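To start, the structure itself, in structure tokens.
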Amino acid sequence: MQLDRITPLILTYNEDLNISRTLDTLRWAKRIIVIDSYSTDATLDILSHYPSVTLYQHPFESFAGQCNFGLTCISTEWTLSLDADYQVSAAFITEIQSLTETITSDGFKVALRYCVFGYPLRSTLLPPRTVLYRTAKAHYIEDGHAHRVRIDGPVASLRGPINHDDRKPLSHWLWAQNRYMVLEVQKLSTTPGHELSLADKIRKTKILAPFVVLFYCLILKGGILDGWHGWYYALQRVLVEMLLAIHLIEADLKPTEKI
């Protein structure tokens with residue numbers, strides 16, 4: 001596939017600690033669409049140093065809404081959707097270029113390689129994400145605290161990884177996770193049990209999830225072999241599950257208002 005058939009799409013809000021490393025891996029792109037939610041840090045100044053960036057500022061309502069707005073700004077056949085802390089690997093780009101002109105898939109999933117302070121972990125809880133797709137075949141929907149793309153057609157897989165390397169401080173991460181958990185509680189509370197994944201069913205028990213995640217990250221996924229980087233990631237995941245459990249318990253215990 002020729003790279004000029006692809007437009008990267010990135011959402012930003014106060015990403016000055018991440019965005020330059022992401023854009024540096026996209027110097028092959030003729031045009032990069034950035035949808036910014038009115039950043040107040042140095043993000044806009046950094047973006048101004050990249051001639052290929054076309055910036056749109058759009059009020060934030062939801063991640064899915066921002067992505068769907070971004071899709072309306074893209075004129076190429078293919079979109080490469082990236083978070084502001086994703087860096088595409090050389091292997092990923094080479095694999096895209098090797099795709100034949102008679103592509104039967106309308107989207108491609110890729111493995112995300114989680115990094116802790118630039119150190120790539122052996123394995124994480126991150127599932128593969130559909131990042132490359134035909135623009136006209138895509139539409140985003142909300143999914144708990146996150147969002148996901150629906151592709152109207154078959155989706156294949158690529159082997160070349162994308163690095164997820166967030167360098168924001170721990171204080172910001174804690175703030176974001178606490179905010180995300182409110183949305184996760186809404187999802188778990190409103191989704192019928194038979195539609196929940198096994199992981200979400202474990203999370204609804206409130207008690208099991210932190211212990212399961214610690215064992216899964218360190219032992220089953222081999223995180224203990226990554227040293228303190230692996231422990232850092234595992235303890236982050238445990239803390240997320242503890243925050244979610246607290247929010248779930250709070251929702252159960254909170255008195256309902258009488259009308």
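Starting from 1 in every chain, residues are counted up; chains themselves are A, B, ... following the order of the structure tokens, and ligands are numbered from 1 as listed.
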Closest atom pairs, residues of range 34-151 of chain A within 6 Å of range 162-183 of chain A, only C-alpha atoms, as JSON lines:
{"residue": "A:Asp85", "atom": "CA", "partner": "A:Asp166", "partner_atom": "CA", "distance": 5.2}
{"residue": "A:Tyr86", "atom": "CA", "partner": "A:His164", "partner_atom": "CA", "distance": 4.7}
{"residue": "A:Gln87", "atom": "CA", "partner": "A:Asn163", "partner_atom": "CA", "distance": 5.1}
{"residue": "A:Val88", "atom": "CA", "partner": "A:Ile162", "partner_atom": "CA", "distance": 4.7}
{"residue": "A:Ser89", "atom": "CA", "partner": "A:Ile162", "partner_atom": "CA", "distance": 5.7}
{"residue": "A:Leu112", "atom": "CA", "partner": "A:Ile162", "partner_atom": "CA", "distance": 5.1}
{"residue": "A:Arg113", "atom": "CA", "partner": "A:Asn163", "partner_atom": "CA", "distance": 4.7}
{"residue": "A:Tyr114", "atom": "CA", "partner": "A:His164", "partner_atom": "CA", "distance": 4.8}
{"residue": "A:Cys115", "atom": "CA", "partner": "A:Asp165", "partner_atom": "CA", "distance": 4.9}
{"residue": "A:Gly144", "atom": "CA", "partner": "A:Leu183", "partner_atom": "CA", "distance": 5.3}
{"residue": "A:His145", "atom": "CA", "partner": "A:Tyr180", "partner_atom": "CA", "distance": 4.9}
Filtering to N, CA and C atoms, could you give me those residues as a compact mmCIF listing (two decimals), in the first residue's frame?
# COMPACT_ATOMS: atom_id res chain seq x y z
N ASP A 85 -0.06 9.34 22.50
CA ASP A 85 1.12 8.69 23.09
C ASP A 85 1.46 7.37 22.39
N TYR A 86 1.03 7.22 21.13
CA TYR A 86 1.35 6.04 20.33
C TYR A 86 2.48 6.38 19.36
N GLN A 87 3.46 5.50 19.26
CA GLN A 87 4.52 5.67 18.27
C GLN A 87 4.55 4.43 17.37
N VAL A 88 4.38 4.66 16.07
CA VAL A 88 4.39 3.54 15.14
C VAL A 88 5.82 3.07 14.95
N SER A 89 5.98 1.75 14.83
CA SER A 89 7.31 1.17 14.66
C SER A 89 7.66 1.10 13.17
N LEU A 112 -0.51 -3.60 20.64
CA LEU A 112 0.04 -2.44 21.32
C LEU A 112 1.10 -2.89 22.31
N ARG A 113 2.28 -2.30 22.19
CA ARG A 113 3.40 -2.65 23.08
C ARG A 113 3.53 -1.55 24.13
N TYR A 114 3.15 -1.87 25.37
CA TYR A 114 3.13 -0.88 26.45
C TYR A 114 4.56 -0.60 26.92
N CYS A 115 4.86 0.68 27.08
CA CYS A 115 6.18 1.09 27.55
C CYS A 115 6.06 1.82 28.89
N GLY A 144 -17.66 2.21 27.63
CA GLY A 144 -17.20 2.49 28.98
C GLY A 144 -16.44 3.81 28.98
N HIS A 145 -15.25 3.82 29.61
CA HIS A 145 -14.47 5.04 29.64
C HIS A 145 -13.71 5.26 28.34
Original post:
Which residues, written as a VMD selection string, have at least one atom at most 10 Å from Met242 in chain A, with only C-alpha atoms counted and residues fewer than 4 positions away on the same chain left out?
Top reply: chain A and resid 203 206 to 211 236 to 238 246 to 248
File dump, residues just selected, all heavy atoms, as an mmCIF file, in the first residue's frame:
data_model
loop_
_atom_site.group_PDB
_atom_site.id
_atom_site.type_symbol
_atom_site.label_atom_id
_atom_site.label_comp_id
_atom_site.auth_asym_id
_atom_site.auth_seq_id
_atom_site.Cartn_x
_atom_site.Cartn_y
_atom_site.Cartn_z
ATOM 1 N N ARG A 203 -14.631 -8.310 37.325
ATOM 2 C CA ARG A 203 -14.579 -6.970 37.914
ATOM 3 C C ARG A 203 -15.826 -6.682 38.743
ATOM 4 O O ARG A 203 -15.758 -6.006 39.773
ATOM 5 C CB ARG A 203 -14.438 -5.919 36.805
ATOM 6 C CG ARG A 203 -13.180 -6.056 35.993
ATOM 7 C CD ARG A 203 -13.141 -5.093 34.832
ATOM 8 N NE ARG A 203 -12.292 -3.956 35.128
ATOM 9 C CZ ARG A 203 -12.205 -2.875 34.365
ATOM 10 N NH1 ARG A 203 -12.937 -2.790 33.283
ATOM 11 N NH2 ARG A 203 -11.408 -1.893 34.700
ATOM 12 N N LYS A 206 -15.978 -7.263 42.503
ATOM 13 C CA LYS A 206 -15.350 -6.208 43.318
ATOM 14 C C LYS A 206 -14.081 -6.676 44.020
ATOM 15 O O LYS A 206 -13.086 -5.945 44.064
ATOM 16 C CB LYS A 206 -16.330 -5.644 44.354
ATOM 17 C CG LYS A 206 -17.648 -5.150 43.773
ATOM 18 C CD LYS A 206 -18.567 -4.684 44.879
ATOM 19 C CE LYS A 206 -19.934 -4.301 44.348
ATOM 20 N NZ LYS A 206 -20.721 -5.484 43.901
ATOM 21 N N ILE A 207 -14.069 -7.875 44.590
ATOM 22 C CA ILE A 207 -12.946 -8.338 45.404
ATOM 23 C C ILE A 207 -11.904 -9.085 44.575
ATOM 24 O O ILE A 207 -10.697 -8.935 44.784
ATOM 25 C CB ILE A 207 -13.445 -9.258 46.547
ATOM 26 C CG1 ILE A 207 -14.426 -8.481 47.428
ATOM 27 C CG2 ILE A 207 -12.275 -9.768 47.361
ATOM 28 C CD1 ILE A 207 -13.847 -7.234 48.048
ATOM 29 N N LEU A 208 -12.341 -9.877 43.625
ATOM 30 C CA LEU A 208 -11.417 -10.766 42.910
ATOM 31 C C LEU A 208 -10.467 -10.040 41.964
ATOM 32 O O LEU A 208 -9.298 -10.413 41.834
ATOM 33 C CB LEU A 208 -12.208 -11.816 42.122
ATOM 34 C CG LEU A 208 -12.949 -12.878 42.925
ATOM 35 C CD1 LEU A 208 -13.701 -13.800 41.966
ATOM 36 C CD2 LEU A 208 -11.984 -13.680 43.785
ATOM 37 N N ALA A 209 -10.961 -9.023 41.281
ATOM 38 C CA ALA A 209 -10.215 -8.432 40.173
ATOM 39 C C ALA A 209 -8.803 -7.962 40.535
ATOM 40 O O ALA A 209 -7.847 -8.260 39.801
ATOM 41 C CB ALA A 209 -11.012 -7.291 39.554
ATOM 42 N N PRO A 210 -8.572 -7.230 41.647
ATOM 43 C CA PRO A 210 -7.199 -6.778 41.943
ATOM 44 C C PRO A 210 -6.220 -7.932 42.094
ATOM 45 O O PRO A 210 -5.078 -7.852 41.606
ATOM 46 C CB PRO A 210 -7.366 -6.006 43.258
ATOM 47 C CG PRO A 210 -8.786 -5.554 43.249
ATOM 48 C CD PRO A 210 -9.550 -6.667 42.600
ATOM 49 N N PHE A 211 -6.640 -9.020 42.742
ATOM 50 C CA PHE A 211 -5.740 -10.155 42.933
ATOM 51 C C PHE A 211 -5.497 -10.904 41.625
ATOM 52 O O PHE A 211 -4.376 -11.325 41.331
ATOM 53 C CB PHE A 211 -6.322 -11.109 43.983
ATOM 54 C CG PHE A 211 -6.521 -10.470 45.327
ATOM 55 C CD1 PHE A 211 -7.771 -10.013 45.731
ATOM 56 C CD2 PHE A 211 -5.450 -10.311 46.201
ATOM 57 C CE1 PHE A 211 -7.952 -9.411 46.958
ATOM 58 C CE2 PHE A 211 -5.622 -9.716 47.438
ATOM 59 C CZ PHE A 211 -6.877 -9.260 47.825
ATOM 60 N N GLN A 236 0.010 -0.483 38.838
ATOM 61 C CA GLN A 236 -0.940 0.454 38.226
ATOM 62 C C GLN A 236 -2.261 -0.241 37.923
ATOM 63 O O GLN A 236 -3.342 0.280 38.212
ATOM 64 C CB GLN A 236 -0.360 1.022 36.922
ATOM 65 C CG GLN A 236 0.485 2.249 37.068
ATOM 66 C CD GLN A 236 0.734 2.894 35.712
ATOM 67 O OE1 GLN A 236 0.681 2.254 34.663
ATOM 68 N NE2 GLN A 236 1.017 4.184 35.728
ATOM 69 N N ARG A 237 -2.171 -1.422 37.303
ATOM 70 C CA ARG A 237 -3.389 -2.162 36.943
ATOM 71 C C ARG A 237 -4.171 -2.575 38.191
ATOM 72 O O ARG A 237 -5.409 -2.555 38.200
ATOM 73 C CB ARG A 237 -3.020 -3.397 36.126
ATOM 74 C CG ARG A 237 -2.383 -3.157 34.773
ATOM 75 C CD ARG A 237 -3.290 -2.355 33.871
ATOM 76 N NE ARG A 237 -2.964 -0.946 33.862
ATOM 77 C CZ ARG A 237 -3.755 0.010 33.443
ATOM 78 N NH1 ARG A 237 -4.973 -0.263 33.030
ATOM 79 N NH2 ARG A 237 -3.365 1.264 33.443
ATOM 80 N N VAL A 238 -3.462 -2.969 39.250
ATOM 81 C CA VAL A 238 -4.130 -3.334 40.504
ATOM 82 C C VAL A 238 -4.856 -2.122 41.077
ATOM 83 O O VAL A 238 -6.007 -2.220 41.531
ATOM 84 C CB VAL A 238 -3.117 -3.883 41.517
ATOM 85 C CG1 VAL A 238 -3.759 -4.019 42.901
ATOM 86 C CG2 VAL A 238 -2.588 -5.244 41.058
ATOM 87 N N ILE A 246 -14.018 0.222 44.488
ATOM 88 C CA ILE A 246 -14.527 1.225 45.431
ATOM 89 C C ILE A 246 -15.728 1.958 44.839
ATOM 90 O O ILE A 246 -16.738 2.184 45.514
ATOM 91 C CB ILE A 246 -13.406 2.215 45.810
ATOM 92 C CG1 ILE A 246 -12.332 1.500 46.648
ATOM 93 C CG2 ILE A 246 -13.975 3.409 46.574
ATOM 94 C CD1 ILE A 246 -11.091 2.328 46.881
ATOM 95 N N HIS A 247 -15.634 2.291 43.562
ATOM 96 C CA HIS A 247 -16.755 2.978 42.905
ATOM 97 C C HIS A 247 -17.976 2.062 42.817
ATOM 98 O O HIS A 247 -19.114 2.518 42.982
ATOM 99 C CB HIS A 247 -16.343 3.441 41.509
ATOM 100 C CG HIS A 247 -15.603 4.747 41.490
ATOM 101 N ND1 HIS A 247 -16.222 5.958 41.677
ATOM 102 C CD2 HIS A 247 -14.281 5.026 41.303
ATOM 103 C CE1 HIS A 247 -15.337 6.928 41.605
ATOM 104 N NE2 HIS A 247 -14.152 6.390 41.383
ATOM 105 N N LEU A 248 -17.751 0.780 42.534
ATOM 106 C CA LEU A 248 -18.876 -0.156 42.471
ATOM 107 C C LEU A 248 -19.544 -0.321 43.831
ATOM 108 O O LEU A 248 -20.772 -0.355 43.944
ATOM 109 C CB LEU A 248 -18.391 -1.516 41.958
ATOM 110 C CG LEU A 248 -18.055 -1.601 40.468
ATOM 111 C CD1 LEU A 248 -17.338 -2.911 40.153
ATOM 112 C CD2 LEU A 248 -19.311 -1.472 39.614
#
**OP:** Would you mind listing what lies within 12 Å of range 33-46 of chain A as a PyMOL selection string, with only C-alpha atoms counted and same-chain residues fewer than 6 positions away left out?
**Re:** chain A and resi 6-24+26+52-76+79-84
Subject >> Residue among A:Ala199, A:Leu121, A:Met1, A:Leu253 lying closest to His229 in chain A, counting only C-alpha atoms >> reply: A:Leu121
Original post:
Which parts of range 89-194 of chain A does DSSP call strand (DSSP E or B) when run on the backbone here, written out as number ranges by chain?
Top reply: A: 107-116, 119-120, 129-134, 138-143, 146-151, 155-164
**OP:** Could you give me the residues within range 174-259 of chain A that DSSP places in alpha helix (DSSP H), as a ChimeraX atom specification?
**Re:** /A:174-190,198-204,208-215,228-253
Original post:
Residues at most 12 Å from Ser123 in chain A, counting only C-alpha atoms, excluding those fewer than 5 positions away in the same chain, as number ranges by chain?
Top reply: A: 111-116, 128, 161, 163-164, 216-226, 229-230, 233-234
Do you know which residues are at most 9 Å from Ile93 in chain A counting only C-alpha atoms, after dropping those on the same chain fewer than 5 positions away, and could you put them as a CSV table (one decimal) with C-alpha atoms, in the first residue's frame?
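Once written, result24.csv looks like this:
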chain,number,residue,atom,x,y,z
A,3,LEU,CA,1.6,5.6,2.3
A,88,VAL,CA,4.4,3.5,15.1
A,98,SER,CA,4.0,-4.6,1.7
A,160,GLY,CA,4.2,-4.9,13.4
Env of Val155 in chain A: 12 Å cut, atoms = only C-alpha atoms, seq-sep filter 6 positions within chain, self excluded. Answer as a PDB file with N, CA, C and O atoms, in the first residue's frame.
ATOM      1  N   ILE A 103      -6.373  -5.318  -1.623  1.00  0.00           N
ATOM      2  CA  ILE A 103      -6.633  -5.568  -0.207  1.00  0.00           C
ATOM      3  C   ILE A 103      -8.110  -5.903  -0.023  1.00  0.00           C
ATOM      4  O   ILE A 103      -8.986  -5.136  -0.436  1.00  0.00           O
ATOM      5  N   THR A 104      -8.395  -7.039   0.598  1.00  0.00           N
ATOM      6  CA  THR A 104      -9.782  -7.453   0.804  1.00  0.00           C
ATOM      7  C   THR A 104     -10.324  -7.013   2.157  1.00  0.00           C
ATOM      8  O   THR A 104     -11.540  -7.015   2.357  1.00  0.00           O
ATOM      9  N   SER A 105      -9.462  -6.640   3.083  1.00  0.00           N
ATOM     10  CA  SER A 105      -9.900  -6.212   4.412  1.00  0.00           C
ATOM     11  C   SER A 105     -10.217  -4.722   4.414  1.00  0.00           C
ATOM     12  O   SER A 105      -9.632  -3.941   3.657  1.00  0.00           O
ATOM     13  N   ASP A 106     -11.145  -4.343   5.289  1.00  0.00           N
ATOM     14  CA  ASP A 106     -11.505  -2.931   5.437  1.00  0.00           C
ATOM     15  C   ASP A 106     -10.887  -2.308   6.677  1.00  0.00           C
ATOM     16  O   ASP A 106     -11.071  -1.117   6.940  1.00  0.00           O
ATOM     17  N   GLY A 107     -10.188  -3.122   7.453  1.00  0.00           N
ATOM     18  CA  GLY A 107      -9.510  -2.621   8.634  1.00  0.00           C
ATOM     19  C   GLY A 107      -8.440  -3.582   9.077  1.00  0.00           C
ATOM     20  O   GLY A 107      -8.435  -4.756   8.696  1.00  0.00           O
ATOM     21  N   PHE A 108      -7.512  -3.075   9.904  1.00  0.00           N
ATOM     22  CA  PHE A 108      -6.423  -3.904  10.406  1.00  0.00           C
ATOM     23  C   PHE A 108      -6.204  -3.633  11.891  1.00  0.00           C
ATOM     24  O   PHE A 108      -6.121  -2.478  12.320  1.00  0.00           O
ATOM     25  N   LYS A 109      -6.102  -4.725  12.661  1.00  0.00           N
ATOM     26  CA  LYS A 109      -5.761  -4.639  14.069  1.00  0.00           C
ATOM     27  C   LYS A 109      -4.255  -4.715  14.231  1.00  0.00           C
ATOM     28  O   LYS A 109      -3.560  -5.330  13.425  1.00  0.00           O
ATOM     29  N   VAL A 110      -3.757  -4.137  15.304  1.00  0.00           N
ATOM     30  CA  VAL A 110      -2.327  -4.192  15.586  1.00  0.00           C
ATOM     31  C   VAL A 110      -2.121  -4.358  17.087  1.00  0.00           C
ATOM     32  O   VAL A 110      -2.918  -3.880  17.897  1.00  0.00           O
ATOM     33  N   PRO A 128      -5.318  -6.039  21.167  1.00  0.00           N
ATOM     34  CA  PRO A 128      -5.052  -5.444  19.853  1.00  0.00           C
ATOM     35  C   PRO A 128      -6.117  -4.392  19.533  1.00  0.00           C
ATOM     36  O   PRO A 128      -7.259  -4.502  19.952  1.00  0.00           O
ATOM     37  N   ARG A 129      -5.713  -3.376  18.815  1.00  0.00           N
ATOM     38  CA  ARG A 129      -6.636  -2.276  18.494  1.00  0.00           C
ATOM     39  C   ARG A 129      -6.693  -2.082  16.987  1.00  0.00           C
ATOM     40  O   ARG A 129      -5.663  -2.162  16.303  1.00  0.00           O
ATOM     41  N   THR A 130      -7.893  -1.845  16.477  1.00  0.00           N
ATOM     42  CA  THR A 130      -8.066  -1.548  15.061  1.00  0.00           C
ATOM     43  C   THR A 130      -7.662  -0.098  14.831  1.00  0.00           C
ATOM     44  O   THR A 130      -8.356   0.827  15.266  1.00  0.00           O
ATOM     45  N   VAL A 131      -6.535   0.103  14.173  1.00  0.00           N
ATOM     46  CA  VAL A 131      -6.001   1.455  13.999  1.00  0.00           C
ATOM     47  C   VAL A 131      -5.973   1.901  12.545  1.00  0.00           C
ATOM     48  O   VAL A 131      -5.985   3.103  12.262  1.00  0.00           O
ATOM     49  N   LEU A 132      -5.933   0.959  11.618  1.00  0.00           N
ATOM     50  CA  LEU A 132      -5.870   1.292  10.190  1.00  0.00           C
ATOM     51  C   LEU A 132      -7.132   0.780   9.526  1.00  0.00           C
ATOM     52  O   LEU A 132      -7.463  -0.408   9.628  1.00  0.00           O
ATOM     53  N   TYR A 133      -7.852   1.664   8.837  1.00  0.00           N
ATOM     54  CA  TYR A 133      -9.126   1.246   8.251  1.00  0.00           C
ATOM     55  C   TYR A 133      -9.519   2.183   7.114  1.00  0.00           C
ATOM     56  O   TYR A 133      -9.009   3.311   6.998  1.00  0.00           O
ATOM     57  N   ARG A 134     -10.422   1.673   6.276  1.00  0.00           N
ATOM     58  CA  ARG A 134     -10.968   2.511   5.214  1.00  0.00           C
ATOM     59  C   ARG A 134     -11.849   3.587   5.849  1.00  0.00           C
ATOM     60  O   ARG A 134     -12.767   3.285   6.621  1.00  0.00           O
ATOM     61  N   LYS A 137     -15.634   3.339   5.843  1.00  0.00           N
ATOM     62  CA  LYS A 137     -16.214   2.152   6.470  1.00  0.00           C
ATOM     63  C   LYS A 137     -16.234   2.240   7.997  1.00  0.00           C
ATOM     64  O   LYS A 137     -16.655   1.293   8.666  1.00  0.00           O
ATOM     65  N   ALA A 138     -15.789   3.358   8.556  1.00  0.00           N
ATOM     66  CA  ALA A 138     -15.561   3.438  10.003  1.00  0.00           C
ATOM     67  C   ALA A 138     -16.540   4.361  10.702  1.00  0.00           C
ATOM     68  O   ALA A 138     -16.977   5.383  10.158  1.00  0.00           O
ATOM     69  N   VAL A 149     -13.816   1.601  17.414  1.00  0.00           N
ATOM     70  CA  VAL A 149     -14.286   1.838  16.061  1.00  0.00           C
ATOM     71  C   VAL A 149     -15.020   0.607  15.554  1.00  0.00           C
ATOM     72  O   VAL A 149     -14.619  -0.527  15.812  1.00  0.00           O
TER      73      VAL A 149
END
**OP:** Using only C-alpha atoms, find the one residue out of A:Arg159, A:Leu47, A:Pro192, A:Gln2 that sits nearest to Leu99 in chain A.
**Re:**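 Smallest separation from Leu99 in chain A among the options: A:Gln2.
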**OP:** Would you please work out which residue, of A:Tyr140, A:Trp231, A:Trp78, A:Phe92, is nearest to Thr25 in chain A when using only C-alpha atoms?
**Re:** A:Phe92
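Comparing A:Val240, A:Val185, A:Val213, A:Leu196 by their smallest distance to Asp252 in chain A, the closest is A:Val185 (using only C-alpha atoms).
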